[in-house]
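J.: This is upload.csv, which holds CSV, C-alpha atoms and all ligand atoms:
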```csv
chain,number,residue,atom,x,y,z
A,428,MET,CA,-8.9,-3.4,3.6
A,429,PHE,CA,-8.2,-1.1,6.5
A,430,ILE,CA,-8.6,2.6,7.1
A,431,ASN,CA,-6.2,4.6,9.2
A,432,PHE,CA,-3.0,3.8,7.3
A,433,TRP,CA,-0.9,5.8,4.8
A,434,TYR,CA,-1.5,4.6,1.3
A,435,ILE,CA,0.4,5.4,-2.0
A,436,ALA,CA,-2.0,7.3,-4.3
A,437,ALA,CA,0.5,7.8,-7.1
A,438,GLN,CA,4.2,8.4,-8.0
A,439,SER,CA,5.0,12.1,-7.4
A,440,GLY,CA,5.5,12.8,-11.1
A,441,GLU,CA,2.0,11.7,-11.9
A,442,VAL,CA,0.5,14.7,-10.0
A,443,LYS,CA,1.7,17.4,-12.4
A,444,PHE,CA,2.2,21.1,-11.5
A,445,GLY,CA,0.0,23.3,-13.7
A,446,SER,CA,-2.3,20.5,-14.8
A,447,GLU,CA,-5.8,21.5,-15.9
A,448,ARG,CA,-7.5,18.5,-14.3
A,449,PRO,CA,-7.1,16.5,-11.1
A,450,LEU,CA,-5.7,13.0,-11.1
A,451,LYS,CA,-8.4,10.4,-10.4
A,452,VAL,CA,-7.3,7.5,-8.2
A,453,MET,CA,-9.1,4.6,-6.7
A,454,MET,CA,-8.0,3.3,-3.3
A,455,LEU,CA,-9.8,1.1,-0.8
A,456,GLY,CA,-12.7,0.9,-3.2
A,457,HIS,CA,-13.3,4.7,-3.3
A,458,HIS,CA,-12.3,7.4,-5.8
A,459,PHE,CA,-10.2,10.4,-4.9
A,460,ALA,CA,-9.2,13.6,-6.7
A,461,LEU,CA,-5.6,14.7,-6.3
A,462,TRP,CA,-4.0,18.0,-7.5
A,463,ARG,CA,-1.1,20.4,-6.9
A,464,ASP,CA,-1.8,23.9,-5.7
A,465,GLY,CA,0.1,27.0,-6.8
A,466,LYS,CA,2.8,26.3,-4.2
A,467,GLY,CA,3.2,22.7,-5.5
A,468,ARG,CA,1.6,21.1,-2.5
A,469,ILE,CA,-0.6,18.1,-3.3
A,470,HIS,CA,-4.2,17.9,-2.0
A,471,CYS,CA,-6.4,14.8,-1.9
A,472,ILE,CA,-10.2,15.0,-1.5
A,473,SER,CA,-13.0,12.4,-1.8
A,474,ASP,CA,-14.2,12.3,-5.4
A,475,THR,CA,-17.9,12.4,-4.8
A,476,CYS,CA,-19.4,15.9,-4.8
A,477,SER,CA,-21.6,16.7,-1.8
A,478,HIS,CA,-24.2,18.3,-4.1
A,479,ARG,CA,-25.6,15.4,-6.2
A,480,GLY,CA,-22.7,13.1,-6.6
A,481,GLY,CA,-20.6,14.6,-9.4
A,482,ALA,CA,-17.1,13.2,-9.9
A,483,LEU,CA,-14.8,16.0,-8.8
A,484,ALA,CA,-11.7,14.4,-10.4
A,485,ASP,CA,-13.5,14.8,-13.8
A,486,GLY,CA,-13.7,18.6,-13.1
A,487,ARG,CA,-11.2,21.4,-13.6
A,488,ILE,CA,-8.5,22.8,-11.4
A,489,ARG,CA,-9.4,26.5,-10.7
A,490,GLY,CA,-6.6,28.3,-8.9
A,491,ASP,CA,-5.9,26.1,-5.8
A,492,CYS,CA,-9.3,24.5,-5.9
A,493,VAL,CA,-11.2,21.9,-7.8
A,494,GLU,CA,-14.5,22.7,-9.6
A,495,CYS,CA,-17.2,20.0,-10.0
A,496,PRO,CA,-18.0,19.4,-13.7
A,497,TYR,CA,-21.8,19.1,-13.0
A,498,HIS,CA,-22.8,22.5,-11.5
A,499,GLY,CA,-19.5,24.1,-10.7
A,500,TRP,CA,-19.4,23.8,-6.9
A,501,THR,CA,-15.7,24.5,-6.0
A,502,PHE,CA,-13.8,22.8,-3.2
A,503,ASN,CA,-10.4,23.8,-1.7
A,504,GLY,CA,-7.7,21.5,-0.5
A,505,ASP,CA,-9.3,21.3,3.0
A,506,GLY,CA,-12.5,20.0,1.4
A,507,ALA,CA,-14.5,23.2,2.1
A,508,CYS,CA,-16.9,24.3,-0.6
A,509,VAL,CA,-15.8,27.9,-1.5
A,510,ARG,CA,-18.0,28.6,-4.4
A,511,LEU,CA,-21.6,27.5,-5.0
A,512,PRO,CA,-22.6,29.3,-8.2
A,513,SER,CA,-26.4,28.7,-8.2
A,514,LEU,CA,-26.7,30.6,-5.0
A,515,GLY,CA,-25.3,33.7,-6.7
A,516,PRO,CA,-22.4,35.9,-5.5
A,517,ASN,CA,-22.0,36.7,-1.8
A,518,ALA,CA,-24.1,33.8,-0.7
A,519,LYS,CA,-23.3,32.1,2.6
A,520,ILE,CA,-22.2,28.6,1.8
A,521,PRO,CA,-23.6,26.0,4.2
A,522,GLU,CA,-20.8,24.3,6.2
A,523,ARG,CA,-22.3,20.9,5.6
A,524,THR,CA,-21.3,21.0,1.9
A,525,ARG,CA,-17.7,20.1,2.8
A,526,VAL,CA,-16.2,16.9,1.5
A,527,ASP,CA,-13.5,14.8,3.1
A,528,ALA,CA,-9.9,15.9,2.6
A,529,TYR,CA,-7.0,13.7,3.6
A,530,PRO,CA,-3.4,14.4,4.8
A,531,VAL,CA,-0.8,14.0,2.1
A,532,GLU,CA,3.0,13.5,2.2
A,533,GLU,CA,5.5,13.2,-0.6
A,534,LYS,CA,8.2,10.7,0.4
A,535,TYR,CA,10.5,8.4,-1.6
A,536,GLY,CA,9.1,9.8,-4.9
A,537,LEU,CA,5.6,8.6,-3.9
A,538,VAL,CA,2.5,10.4,-2.9
A,539,TRP,CA,1.2,9.0,0.5
A,540,VAL,CA,-2.3,9.8,1.6
A,541,PHE,CA,-3.6,9.1,5.1
A,542,LEU,CA,-7.0,7.4,4.6
A,543,GLY,CA,-8.6,7.6,7.9
A,544,ASP,CA,-9.8,9.9,10.7
A,545,LEU,CA,-7.1,9.4,13.4
A,546,PRO,CA,-5.5,12.6,14.7
A,547,GLU,CA,-1.9,13.2,13.7
A,548,ALA,CA,-0.3,11.9,17.0
A,549,GLU,CA,-2.1,8.6,16.7
A,550,ARG,CA,-1.4,7.7,13.1
A,551,PRO,CA,0.8,4.7,12.2
A,552,PRO,CA,4.0,5.8,10.5
A,553,ILE,CA,4.9,5.7,6.8
A,554,ILE,CA,7.4,2.8,6.4
A,555,ASP,CA,11.0,3.8,6.8
A,556,ILE,CA,13.3,3.5,3.7
A,557,PRO,CA,16.7,4.6,5.0
A,558,GLU,CA,18.4,3.5,1.7
A,559,TYR,CA,16.3,5.9,-0.4
A,560,GLY,CA,18.4,9.0,-1.4
A,561,HIS,CA,21.4,7.6,0.5
A,562,PRO,CA,24.7,8.3,-1.4
A,563,GLU,CA,25.8,4.7,-1.2
A,564,TRP,CA,22.6,3.3,-2.5
A,565,ARG,CA,20.6,3.6,-5.7
A,566,SER,CA,16.8,3.2,-5.9
A,567,ILE,CA,14.3,2.5,-8.7
A,568,ILE,CA,10.6,2.3,-8.5
A,569,LEU,CA,8.4,-0.2,-10.4
A,570,GLN,CA,4.6,-0.6,-10.2
A,571,ALA,CA,1.9,-3.0,-11.4
A,572,ASP,CA,-1.7,-4.0,-10.9
A,573,TRP,CA,-2.5,-7.6,-10.0
A,574,LYS,CA,-5.9,-9.2,-9.7
A,575,ILE,CA,-5.5,-10.3,-6.1
A,576,ASP,CA,-6.4,-9.3,-2.5
A,577,TYR,CA,-3.3,-7.3,-1.6
A,578,LYS,CA,-3.0,-9.4,1.7
A,579,ARG,CA,-2.2,-12.4,-0.4
A,580,SER,CA,1.0,-10.7,-1.6
A,581,ILE,CA,2.0,-9.6,1.9
A,582,GLU,CA,1.7,-13.2,3.1
A,583,ASN,CA,3.7,-14.3,0.1
A,584,THR,CA,6.5,-11.9,0.8
A,585,ILE,CA,6.9,-13.0,4.4
A,586,ASP,CA,6.6,-16.7,3.4
A,587,PRO,CA,10.1,-18.4,3.6
A,588,ALA,CA,8.9,-21.7,2.0
A,589,HIS,CA,7.8,-20.4,-1.3
A,590,ASN,CA,11.2,-19.3,-2.6
A,591,GLU,CA,12.4,-22.8,-3.2
A,592,PHE,CA,9.5,-23.7,-5.5
A,593,THR,CA,8.0,-20.4,-6.8
A,594,HIS,CA,11.4,-18.9,-7.7
A,595,PRO,CA,13.8,-21.1,-9.6
A,596,THR,CA,15.8,-17.9,-9.8
A,597,HIS,CA,16.8,-18.3,-6.2
A,598,GLY,CA,15.6,-21.7,-5.2
A,599,PHE,CA,16.2,-25.3,-6.4
A,600,LEU,CA,12.7,-26.6,-7.0
A,601,GLY,CA,13.1,-29.0,-4.1
A,602,VAL,CA,15.7,-31.2,-5.6
A,603,ARG,CA,18.1,-30.9,-2.7
A,604,ASP,CA,17.7,-33.9,-0.3
A,605,ASP,CA,18.5,-31.7,2.7
A,606,TYR,CA,16.0,-29.0,1.9
A,607,GLU,CA,13.9,-27.7,4.8
A,608,VAL,CA,12.8,-24.4,6.3
A,609,LYS,CA,14.9,-23.9,9.4
A,610,ASP,CA,13.2,-22.5,12.4
A,611,PHE,CA,13.3,-18.7,12.7
A,612,THR,CA,12.4,-16.2,15.4
A,613,LEU,CA,9.8,-13.6,14.8
A,614,GLU,CA,10.8,-10.1,15.6
A,615,ASP,CA,7.6,-8.1,16.5
A,616,SER,CA,7.4,-4.4,16.3
A,617,PRO,CA,4.4,-2.1,17.0
A,618,TRP,CA,3.2,-2.3,13.4
A,619,GLY,CA,4.3,-5.7,12.2
A,620,THR,CA,6.4,-8.7,12.4
A,621,GLY,CA,9.5,-9.9,10.6
A,622,TYR,CA,12.5,-12.2,10.8
A,623,HIS,CA,16.0,-12.8,9.6
A,624,ASN,CA,17.2,-16.1,8.2
A,625,ARG,CA,19.6,-17.7,5.8
A,626,MET,CA,18.8,-19.1,2.4
A,627,PHE,CA,20.8,-21.4,0.2
A,628,ALA,CA,20.9,-19.6,-3.1
A,629,PRO,CA,22.0,-20.4,-6.6
A,630,THR,CA,24.5,-18.0,-8.3
A,631,LEU,CA,23.1,-15.0,-10.1
A,632,ALA,CA,22.4,-15.5,-13.7
A,633,GLN,CA,23.3,-12.0,-14.9
A,634,ARG,CA,27.0,-11.6,-15.4
A,635,ASP,CA,27.4,-8.1,-14.0
A,636,MET,CA,25.3,-8.9,-11.0
A,637,ARG,CA,27.3,-12.1,-10.4
A,638,SER,CA,30.6,-10.4,-10.4
A,639,ALA,CA,29.2,-7.6,-8.1
A,640,SER,CA,28.2,-10.3,-5.7
A,641,GLY,CA,31.7,-11.7,-5.6
A,642,ARG,CA,30.2,-15.2,-5.6
A,643,GLU,CA,30.6,-17.7,-8.3
A,644,LYS,CA,29.1,-20.6,-6.4
A,645,GLU,CA,25.8,-21.5,-4.7
A,646,ALA,CA,26.0,-20.3,-1.1
A,647,TRP,CA,24.1,-19.5,2.1
A,648,ILE,CA,23.1,-15.9,2.0
A,649,ASN,CA,21.5,-13.7,4.7
A,650,GLY,CA,18.0,-12.5,4.3
A,651,GLY,CA,15.3,-10.7,6.2
A,652,VAL,CA,11.6,-9.9,5.6
A,653,GLY,CA,8.8,-8.3,7.4
A,654,HIS,CA,5.7,-6.2,7.2
A,655,VAL,CA,4.7,-2.7,8.5
A,656,GLY,CA,1.0,-2.2,8.7
A,657,PRO,CA,-1.3,-4.4,6.7
A,658,HIS,CA,0.0,-3.3,3.3
A,659,CYS,CA,3.8,-2.6,3.3
A,660,THR,CA,6.7,-5.1,3.4
A,661,TRP,CA,10.5,-4.9,3.4
A,662,VAL,CA,12.9,-7.5,2.0
A,663,GLN,CA,16.7,-7.6,2.6
A,664,ILE,CA,18.8,-9.9,0.5
A,665,ASP,CA,22.4,-9.6,1.6
A,666,ALA,CA,24.2,-11.8,-0.9
A,667,SER,CA,27.6,-10.4,0.4
A,668,ASP,CA,28.7,-7.1,1.9
A,669,SER,CA,29.4,-5.8,-1.6
A,670,MET,CA,25.9,-6.8,-2.8
A,671,LYS,CA,22.9,-6.0,-0.8
A,672,ILE,CA,19.5,-5.6,-2.2
A,673,HIS,CA,16.8,-4.0,0.0
A,674,ASN,CA,13.4,-4.0,-1.5
A,675,TYR,CA,10.2,-2.4,-0.2
A,676,LEU,CA,7.0,-3.8,-1.7
A,677,LEU,CA,4.2,-1.3,-0.9
A,678,HIS,CA,0.6,-2.0,-1.7
A,679,THR,CA,-2.5,0.1,-2.3
A,680,PRO,CA,-5.7,-2.0,-2.6
A,681,ILE,CA,-7.6,-0.4,-5.5
A,682,HIS,CA,-10.4,-2.5,-4.3
A,683,GLU,CA,-10.7,-5.8,-2.4
A,684,THR,CA,-9.6,-7.9,-5.4
A,685,LEU,CA,-7.3,-5.5,-7.3
A,686,ASP,CA,-3.9,-4.7,-5.8
A,687,ARG,CA,-1.6,-1.9,-7.0
A,688,TRP,CA,1.9,-2.4,-5.8
A,689,TYR,CA,4.9,-0.1,-5.9
A,690,LEU,CA,8.4,-1.7,-5.5
A,691,VAL,CA,11.1,0.6,-4.2
A,692,ALA,CA,14.1,-1.5,-5.1
A,693,THR,CA,17.4,-0.3,-3.6
A,694,ARG,CA,20.9,-1.6,-4.0
A,695,ASN,CA,24.4,-0.8,-2.8
A,696,ASN,CA,26.2,-2.1,-5.9
A,697,LEU,CA,26.2,-1.3,-9.7
A,698,LEU,CA,25.1,2.2,-8.8
A,699,ASP,CA,25.4,3.6,-12.3
A,700,SER,CA,22.0,4.3,-13.8
A,701,ARG,CA,22.8,2.1,-16.8
A,702,TYR,CA,22.2,-0.9,-14.5
A,703,ASP,CA,18.7,0.3,-13.5
A,704,SER,CA,17.2,-1.8,-16.3
A,705,THR,CA,19.1,-4.9,-15.3
A,706,PHE,CA,17.6,-4.7,-11.8
A,707,ALA,CA,14.2,-3.7,-13.0
A,708,ASP,CA,14.1,-6.6,-15.5
A,709,ARG,CA,15.1,-9.1,-12.8
A,710,SER,CA,12.6,-7.7,-10.3
A,711,ALA,CA,9.8,-7.8,-12.9
A,712,TYR,CA,10.8,-11.4,-13.8
A,713,ILE,CA,10.7,-12.5,-10.2
A,714,ALA,CA,7.4,-10.7,-9.6
A,715,GLY,CA,5.9,-12.6,-12.5
A,716,GLN,CA,6.8,-15.9,-10.7
A,717,ASP,CA,4.8,-14.7,-7.7
A,718,GLN,CA,1.9,-13.5,-9.8
A,719,TYR,CA,1.7,-16.9,-11.4
A,720,VAL,CA,0.9,-18.5,-8.0
A,721,LEU,CA,-1.0,-15.6,-6.4
A,722,GLU,CA,-3.7,-14.8,-8.9
A,723,PRO,CA,-5.3,-18.3,-8.9
A,724,LEU,CA,-5.3,-18.6,-5.1
A,725,HIS,CA,-8.6,-19.7,-3.7
A,726,PRO,CA,-10.5,-18.1,-2.1
A,727,LYS,CA,-9.8,-14.7,-3.6
A,728,LEU,CA,-10.0,-12.9,-0.3
A,729,THR,CA,-7.4,-13.8,2.3
A,730,PRO,CA,-8.9,-15.7,5.2
A,731,HIS,CA,-8.9,-13.9,8.5
A,732,ASN,CA,-7.8,-16.9,10.5
A,733,ASN,CA,-6.3,-20.2,9.6
A,734,ALA,CA,-9.2,-22.5,10.5
A,735,HIS,CA,-9.6,-23.7,6.9
A,736,GLU,CA,-6.0,-23.9,5.9
A,737,PHE,CA,-3.4,-26.3,7.3
A,738,PHE,CA,-0.6,-24.3,8.8
A,739,VAL,CA,3.0,-25.6,9.4
A,740,PRO,CA,5.8,-24.0,11.3
A,741,ALA,CA,7.1,-22.3,8.1
A,742,ASP,CA,3.8,-20.4,8.0
A,743,LYS,CA,4.2,-18.8,11.4
A,744,ALA,CA,4.9,-15.3,10.1
A,745,ILE,CA,1.7,-15.4,8.2
A,746,ALA,CA,-0.2,-16.5,11.3
A,747,ARG,CA,1.3,-13.6,13.1
A,748,TYR,CA,0.4,-11.2,10.3
A,749,ARG,CA,-3.2,-12.3,10.6
A,750,GLU,CA,-3.1,-11.6,14.4
A,751,TYR,CA,-2.0,-8.0,13.6
A,752,CYS,CA,-4.8,-7.7,11.2
A,753,ARG,CA,-7.3,-8.9,13.8
A,754,ASP,CA,-5.9,-6.4,16.2
A,755,TRP,CA,-6.5,-3.6,13.7
A,756,GLU,CA,-9.9,-5.0,13.1
A,757,GLY,CA,-10.5,-4.9,16.8
A,758,ARG,CA,-9.8,-1.2,16.7
A,759,GLY,CA,-12.6,-0.8,14.2
A,760,TRP,CA,-10.4,-0.1,11.2
A,761,ARG,CA,-11.4,-2.9,8.9
A,762,ILE,CA,-13.8,-2.0,6.0
A,763,ASP,CA,-16.9,-4.2,5.8
A,764,VAL,CA,-16.2,-5.3,2.3
A,765,GLY,CA,-19.4,-7.3,2.0
A,766,LYS,CA,-21.6,-4.4,2.8
A,767,LEU,CA,-19.5,-2.0,0.6
A,768,ARG,CA,-20.0,-4.4,-2.3
A,769,ALA,CA,-23.7,-4.9,-1.7
A,770,ASP,CA,-24.3,-1.2,-1.5
A,771,ARG,CA,-22.0,-0.3,-4.5
A,772,ASP,CA,-24.8,1.0,-6.8
A,773,THR,CA,-27.0,2.5,-4.1
A,774,VAL,CA,-24.8,4.3,-1.6
A,775,ALA,CA,-21.9,6.7,-2.0
A,776,TYR,CA,-19.6,6.2,1.0
A,777,ALA,CA,-16.6,8.2,1.9
A,778,ILE,CA,-13.5,7.1,3.8
A,779,PRO,CA,-13.7,9.2,7.0
A,780,SER,CA,-11.1,12.0,7.2
A,781,PRO,CA,-9.6,13.6,10.3
A,782,ALA,CA,-12.1,16.6,10.1
A,783,ARG,CA,-14.9,14.2,10.9
A,784,ARG,CA,-13.7,14.3,14.5
A,785,GLN,CA,-14.4,18.1,14.6
A,786,HIS,CA,-17.4,18.6,12.3
A,787,LYS,CA,-20.7,16.7,12.5
A,788,GLY,CA,-23.4,16.2,9.8
A,789,TRP,CA,-21.5,15.1,6.7
A,790,VAL,CA,-23.5,14.6,3.5
A,791,LEU,CA,-21.8,11.3,2.6
A,792,PRO,CA,-22.0,8.4,5.2
A,793,ALA,CA,-18.6,7.0,6.4
A,794,VAL,CA,-17.6,3.7,4.9
A,795,PRO,CA,-19.1,0.7,6.8
A,796,LEU,CA,-16.5,-0.8,9.2
A,797,VAL,CA,-16.5,-4.3,10.8
A,798,SER,CA,-17.6,-3.9,14.4
A,799,GLY,CA,-14.4,-3.7,16.4
A,800,LYS,CA,-15.6,-6.3,19.0
A,801,ALA,CA,-15.3,-9.3,16.7
A,802,GLY,CA,-11.6,-8.6,16.1
A,803,ALA,CA,-10.9,-7.5,19.7
A,804,SER,CA,-12.0,-10.9,21.1
A,805,ALA,CA,-9.7,-12.7,18.7
A,806,ALA,CA,-6.8,-10.3,19.0
A,807,THR,CA,-3.9,-11.0,21.2
A,808,GLY,CA,-3.9,-7.7,23.1
A,809,ARG,CA,-0.9,-6.5,21.1
A,810,GLN,CA,-0.4,-2.8,21.5
A,811,GLY,CA,0.6,-0.5,18.7
B,901,LIG,S1,-23.0,17.5,-8.4
B,901,LIG,FE1,-21.2,18.7,-8.1
B,901,LIG,S2,-21.9,20.7,-8.3
B,901,LIG,FE2,-23.7,19.5,-8.6
B,902,FE,FE,8.1,-14.4,-4.0
```
Here is a file; write its structure as structure tokens.
T.:
Amino acid sequence: MFINFWYIAAQSGEVKFGSERPLKVMMLGHHFALWRDGKGRIHCISDTCSHRGGALADGRIRGDCVECPYHGWTFNGDGACVRLPSLGPNAKIPERTRVDAYPVEEKYGLVWVFLGDLPEAERPPIIDIPEYGHPEWRSIILQADWKIDYKRSIENTIDPAHNEFTHPTHGFLGVRDDYEVKDFTLEDSPWGTGYHNRMFAPTLAQRDMRSASGREKEAWINGGVGHVGPHCTWVQIDASDSMKIHNYLLHTPIHETLDRWYLVATRNNLLDSRYDSTFADRSAYIAGQDQYVLEPLHPKLTPHNNAHEFFVPADKAIARYREYCRDWEGRGWRIDVGKLRADRDTVAYAIPSPARRQHKGWVLPAVPLVSGKAGASAATGRQG
């Protein structure tokens, strides 16, 4: 798990205007409190109260602030304690009581939170979804929790060889004598790799989809996949000009072995909303085929390098993804999951927020990170 990326905390509609209580969300193994203020803006702060560890998300929303359920300390959207009742009225509130507050953006119907301390100019971007809201495209959002390390799913999405066997919906289970994964060229960008290739695909089973595709026979179709950051992927399936499906599978690790994914599924055909369930059902069915192979993978945590797996050319995008991860580790962004797990019952950590670059002396220690040097020596010097 990496700090310093934008993660989805919720769908926009889950953070309700006028709610009495914050929404409690776990991301990167930490709890957070989210709420909307009087202007409708969403705030996100670390859930652990700086007093004696109360869970702020279990408290109440008071005006534009959140009140701890234990002794009523009240925090604003910047993480500053603005009321400390036991000191009485007019008391000066010590600066050190502040908790971490994180940048929030609402985009694509999702609430994105920047979990890290980078200043704005240095932050990686939120993945671009140009089809979302476009008049010639229609989008739906699905989500699910899987018992996997989220990186297993990223590697699965960019894996061209699994379609044939994992997905009888768009592969042939290896019965074709001429089956092979043709070589493809990786297209690197600052925050991830990807590639375009062609895939021999069966006809679509669902009648409306088949007629929208204009294709009644098996055929070669154009595809493309890639990742942006350690946790977001894009998939383009261009069955024909009249039938393009561009999906974005976006992951938020709840913790190291529990993945919450959001699928923004976009299409340029069958735009009427009555087809939403057709596409949602097919996406969920295909996702189930992936879940069947991913949840039993061993070991549970994705290896950092391929020393104890046997890679073949079809795995080269996965090898490249791991290089990107080592690069981010080299920058000191990878959470030390072993230490986090070992300390779970004894230490309350916080994901460091941008304000830690301005203020010193925080009550909660920042989450332990893997020392950057280990990754830097293995990294390829890729810049991002
Ligand atoms: S623990 Fe939050 S006010 Fe005491
Ligand atoms: Fe798959």
J.: Using all atoms listed in the file, which protein or nucleic acid residues come within 10 Å of stretch 517-522 of chain A? Drop anything in the same chain fewer than 2 positions from it, and give the result as a list in words.
T.: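 Close residues of stretch 517-522 of chain A: Ala507, Cys508, Val509, Arg510, Leu511, Pro512, Ser513, Leu514, Gly515, Thr524, Arg525, Val526, His786, Lys787, Gly788 and Trp789 of chain A.
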J.: Quick one: distance from atom CA of A:Ile575 to atom CA of A:Asp772 in Å, one decimal?
T.: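 Interatomic distance, atom CA of A:Ile575 to atom CA of A:Asp772: 22.4 Å.
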J.: Ranking A:Pro723, A:Gly504, A:Pro530, A:Pro595 by minimum distance to ligand FE 902 (chain B) and counting only C-alpha atoms and all ligand atoms, which one comes first?
T.: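 Going through A:Pro723, A:Gly504, A:Pro530, A:Pro595 one by one, the smallest distance to ligand FE 902 (chain B) is for A:Pro595.
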J.: Show me, as a PyMOL selection string, the residues that have an atom within 8 Å of A:Ala460 when counting all atoms listed in the file, minus same-chain residues fewer than 6 positions from it.
T.: chain A and resi 449-452+471-474+483-484
J.: Which chains and residue numbers are within 8 Å of ligand LIG 901 (chain B), counting only C-alpha atoms and all ligand atoms, if I want them as an mmCIF file with C-alpha atoms, keeping the file's coordinate frame?
T.:
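The resulting file, part_16.cif, is shown below:
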```cif
data_model
loop_
_atom_site.group_PDB
_atom_site.id
_atom_site.type_symbol
_atom_site.label_atom_id
_atom_site.label_comp_id
_atom_site.auth_asym_id
_atom_site.auth_seq_id
_atom_site.Cartn_x
_atom_site.Cartn_y
_atom_site.Cartn_z
ATOM 1 C CA THR A 475 -17.900 12.400 -4.800
ATOM 2 C CA CYS A 476 -19.400 15.900 -4.800
ATOM 3 C CA SER A 477 -21.600 16.700 -1.800
ATOM 4 C CA HIS A 478 -24.200 18.300 -4.100
ATOM 5 C CA ARG A 479 -25.600 15.400 -6.200
ATOM 6 C CA GLY A 480 -22.700 13.100 -6.600
ATOM 7 C CA GLY A 481 -20.600 14.600 -9.400
ATOM 8 C CA ALA A 482 -17.100 13.200 -9.900
ATOM 9 C CA LEU A 483 -14.800 16.000 -8.800
ATOM 10 C CA GLU A 494 -14.500 22.700 -9.600
ATOM 11 C CA CYS A 495 -17.200 20.000 -10.000
ATOM 12 C CA PRO A 496 -18.000 19.400 -13.700
ATOM 13 C CA TYR A 497 -21.800 19.100 -13.000
ATOM 14 C CA HIS A 498 -22.800 22.500 -11.500
ATOM 15 C CA GLY A 499 -19.500 24.100 -10.700
ATOM 16 C CA TRP A 500 -19.400 23.800 -6.900
ATOM 17 C CA THR A 501 -15.700 24.500 -6.000
ATOM 18 C CA LEU A 511 -21.600 27.500 -5.000
#
```
J.: Taking all atoms listed in the file into account, which of A:Asp717, A:Asp668, A:Glu614, A:Asp699 comes nearest ligand FE 902 (chain B)?
T.: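 Residue with the minimum atom-to-atom distance to ligand FE 902 (chain B): A:Asp717.
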J.: Counting only C-alpha atoms and all ligand atoms, which of A:Tyr606, A:Tyr529, A:Phe592, A:Phe541 gets nearest to ligand FE 902 (chain B)?
T.: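 Among the listed residues, the smallest separation from ligand FE 902 (chain B) belongs to A:Phe592.
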J.: Just the number, please: distance in Å from atom CA of A:Trp647 to atom CA of A:His673, one decimal.
T.: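 Atom CA of A:His673 lies at a distance of 17.3 Å from atom CA of A:Trp647.
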J.: Can you tell me which residues sit at most 10 Å away from ligand FE 902 (chain B), counting only C-alpha atoms and all ligand atoms, written as a list in words?
T.: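 I would give the residues around ligand FE 902 (chain B) as Ser580, Ile581, Glu582, Asn583, Thr584, Ile585, Asp586, Pro587, Ala588, His589, Asn590, Glu591, Phe592, Thr593, His594, His597, Ile713, Ala714, Gly715, Gln716, Asp717, Gln718, Val720 and Leu721 of chain A.
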J.: Find the residue from A:Thr596, A:His725, A:Ala711, A:Val739 that sits nearest to A:Val608; use all atoms listed in the file when measuring.
T.: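 Closest to A:Val608, using all atoms listed in the file: A:Val739.
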J.: Atom CA of A:Lys743 and atom CA of A:Gly621, how far apart in Å?
T.: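 Pair atom CA of A:Gly621 / atom CA of A:Lys743 returns 10.4 Å.
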J.: Which is closest to A:Leu676 among A:Gly757, A:Gly653, A:Pro730, A:Pro740, if we use only C-alpha atoms?
T.: A:Gly653
J.: May I ask which of the residues A:Arg489, A:Pro792, A:Asn431, A:Arg758 is the closest one to A:Pro546, counting only C-alpha atoms?
T.: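 Distance minimum relative to A:Pro546 lands on A:Asn431.
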J.: Please identify all polymer residues within 6 Å of A:Ser439, counting all atoms listed in the file, omitting same-chain residues fewer than 3 positions from it, and present them as a list of chain:residue names.
T.: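 Once the adjacent positions are removed, what remains is A:Val442, A:Gly536, A:Leu537, A:Val538.
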J.: Find the residues around A:Gly560 up to 12 Å (all atoms listed in the file counted), leave out those fewer than 4 positions away in its own chain, and share them as a PyMOL selection string.
T.: chain A and resi 534-536+556+564-567+691-695
J.: Show which residues sit within 12 Å of A:Asp615, as a list of chain:residue names. Count only C-alpha atoms, and ignore same-chain residues fewer than 6 positions away.
T.: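 Close residues of A:Asp615: A:Gly621, A:Tyr622, A:His623, A:Val652, A:Gly653, A:His654, A:Val655, A:Gly656, A:Ala744, A:Arg747, A:Tyr748, A:Glu750, A:Tyr751, A:Arg809, A:Gln810, A:Gly811.
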